[in-house]
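Heads up, the thing below is written out as structure tokens.
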Amino acid sequence: MPQQLAIIVLVDIGNALESRSLKDNTYLFDNMKLHGSENQGTGDLVTAINGAYWSDGSQASEQVLNWLPYSLGSIPPTVPRSYQAARTQQADRQALADLTALTGRPSSDGEDAEAALSAIRKNVGTRVRAAGRSRALAGQQVLDVTGKVVSDHGQGLHNYPAPVITDVFGEAVDEKIIYPAAYGSPDLVTDGWYWSATVDTSRPGTYTYKMRIQLHELVQRAGDWTWEPVNLVCESRLQVVSQPRRNAFTQAGLSYLPLAPGVSA
Amino acid sequence: MTTKPRQQKAAAPRRPISITAVVDCVGALAAGNTRGHVYLYDTNKAGGSAGLGTEQLRTRVTAGDQLLWNVLALECEAFVAIDGIEIDKEVCEPVRKVYPGTDVSYWIGTVKKSGTTEVPYQIRFKLGTRDEPLTTALSPALVG
């Protein structure tokens, strides 16, 4: 049975946008530490992939890699998938309720009403545009890192949207060691898409691969605040290993599973 | 003689420094401790934070900075939350809050004073279905 191996790509988006580089601003993890992966939590992860083989050495099944890109310091991916849209709707509903309450109030002095209107304007925030193909972000309000709507984008309080992997390429793909593709997913933490690859483990060795990652920067374009995509590339390595690993049942090395005396296979 | 009213200039809000713990929930539960299973990061590397990716993160702060702690599980199916932050109350008093409309929590607090020595602290984590929280084995710290 194929084993599902996960690689987390954690990006310090603020610093990456500042330096226009993912180098030293990306931290990679996988769930194969006990299987020999090295440099967890750094930009230099080497992911160990242990193949499954028949006793004659031929490949028994394919391992499967999944990539999960996260943003460091942002609202975590454990909030519901539609969180941004839900907060936008909630802010709109609240503004309407506040406006209704304001118009229903007996006539008061103008200054009071002006202050109330200004508070409503602040709570409702302003919608932003999105350049390029980043349509999912268009027309929504901007949240801060605590989930509150931001009205003044000039203060730089915005929560960065999660990074998006747009391509996986490089040596491991050219050498046909991995076959990556983006898949649609009902998974709540990956926003409906994820990158996955099957691995040809018949050719052990260390192979590099690259990820093209799209970040979004909030900038002013022709008077409108706009999420503008910024495409950057980071690199990682896979180490395909064919040596048999420790026997998880007996903790021993290579051998068949121990059978009680008198038991025949 | 009249006195001029003191001008109160409202400080512009600043983005909090986020401190994120990436927790290998399965590894920590199997070992019964956090050593080697917690990776701490913050968003103030450019400001001088050090030890990113280790349990001994040194976050560079100044008085007035807001600090926000949150957590990511290495396996998206695993449950991890911060149960508490043990830190000198004279330096910072983090409180638990939730992202509006969810039960996903974060901890937030303001640095009251800086310029002293390192202020070590501990983070308690709730992991999976384990009743007892696990506390960081090595101490991260705030550095002023």
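If you're wondering about the labels, chains in the structure tokens are A, B, ... by order shown, residues count from 1 in each chain, ligands from 1 in order shown.
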
Based on only C-alpha atoms, which of the residues in chain A come within 6 Å of chain B? I want them as a PyMOL selection string. chain A and resi 41+73+146-147+157

Take the residues from that selection and write them out as a compact mmCIF listing (two decimals), in the first residue's frame, keeping C-alpha atoms.
# COMPACT_ATOMS: atom_id res chain seq x y z
CA GLY A 41 12.47 22.78 10.40
CA GLY A 73 2.54 34.18 11.83
CA THR A 146 -6.23 38.11 15.01
CA GLY A 147 -9.08 37.83 12.46
CA LEU A 157 -1.47 45.15 9.87

Show which residues sit within 10 Å of region 171-181 of chain A, as number ranges by chain. Count only C-alpha atoms, and ignore same-chain residues fewer than 4 positions away. A: 62-66, 166-167, 194-210, 237-238, 240

Correct to one decimal, the distance CA of Leu138 (chain B)-CA of Asn33 (chain B) is 10.5 Å

Review point. Please, which residues of chain B, numbered as in this document, come out alpha helix (DSSP H) from DSSP, as a PyMOL selection string?
Key: chain B and resi 25-31

Output file for the selection above: C-alpha atoms, as a compact mmCIF listing (two decimals), in the first residue's frame:
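This went into again.txt:
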# COMPACT_ATOMS: atom_id res chain seq x y z
CA CYS B 25 2.24 15.84 18.02
CA VAL B 26 2.84 12.13 17.39
CA GLY B 27 6.53 12.39 18.32
CA ALA B 28 5.83 14.35 21.51
CA LEU B 29 3.04 11.98 22.59
CA ALA B 30 5.23 8.94 21.91
CA ALA B 31 8.15 10.42 23.88

Practice task
For Ile165 (chain A), list every protein, DNA or RNA residue within 8 Å, evaluated using only C-alpha atoms, and leave out those in the same chain fewer than 3 positions away; present the list as a list in words.
Solution key: Pro69, Val168, Trp195, Met211, Arg212, Ile213 and Gln214 of chain A

Item to complete: Write down as a PyMOL selection string the residues belonging to chain B that are assigned strand (DSSP E or B) by DSSP computed on the backbone.
Response: chain B and resi 17-23+38-42+50+54+58-60+66-73+80-86+95-98+105-110+119-120+122-127+134-135+141-143

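Atom to atom, CA of Asp12 (chain A) and CA of Asn25 (chain A) stand 5.2 Å apart.
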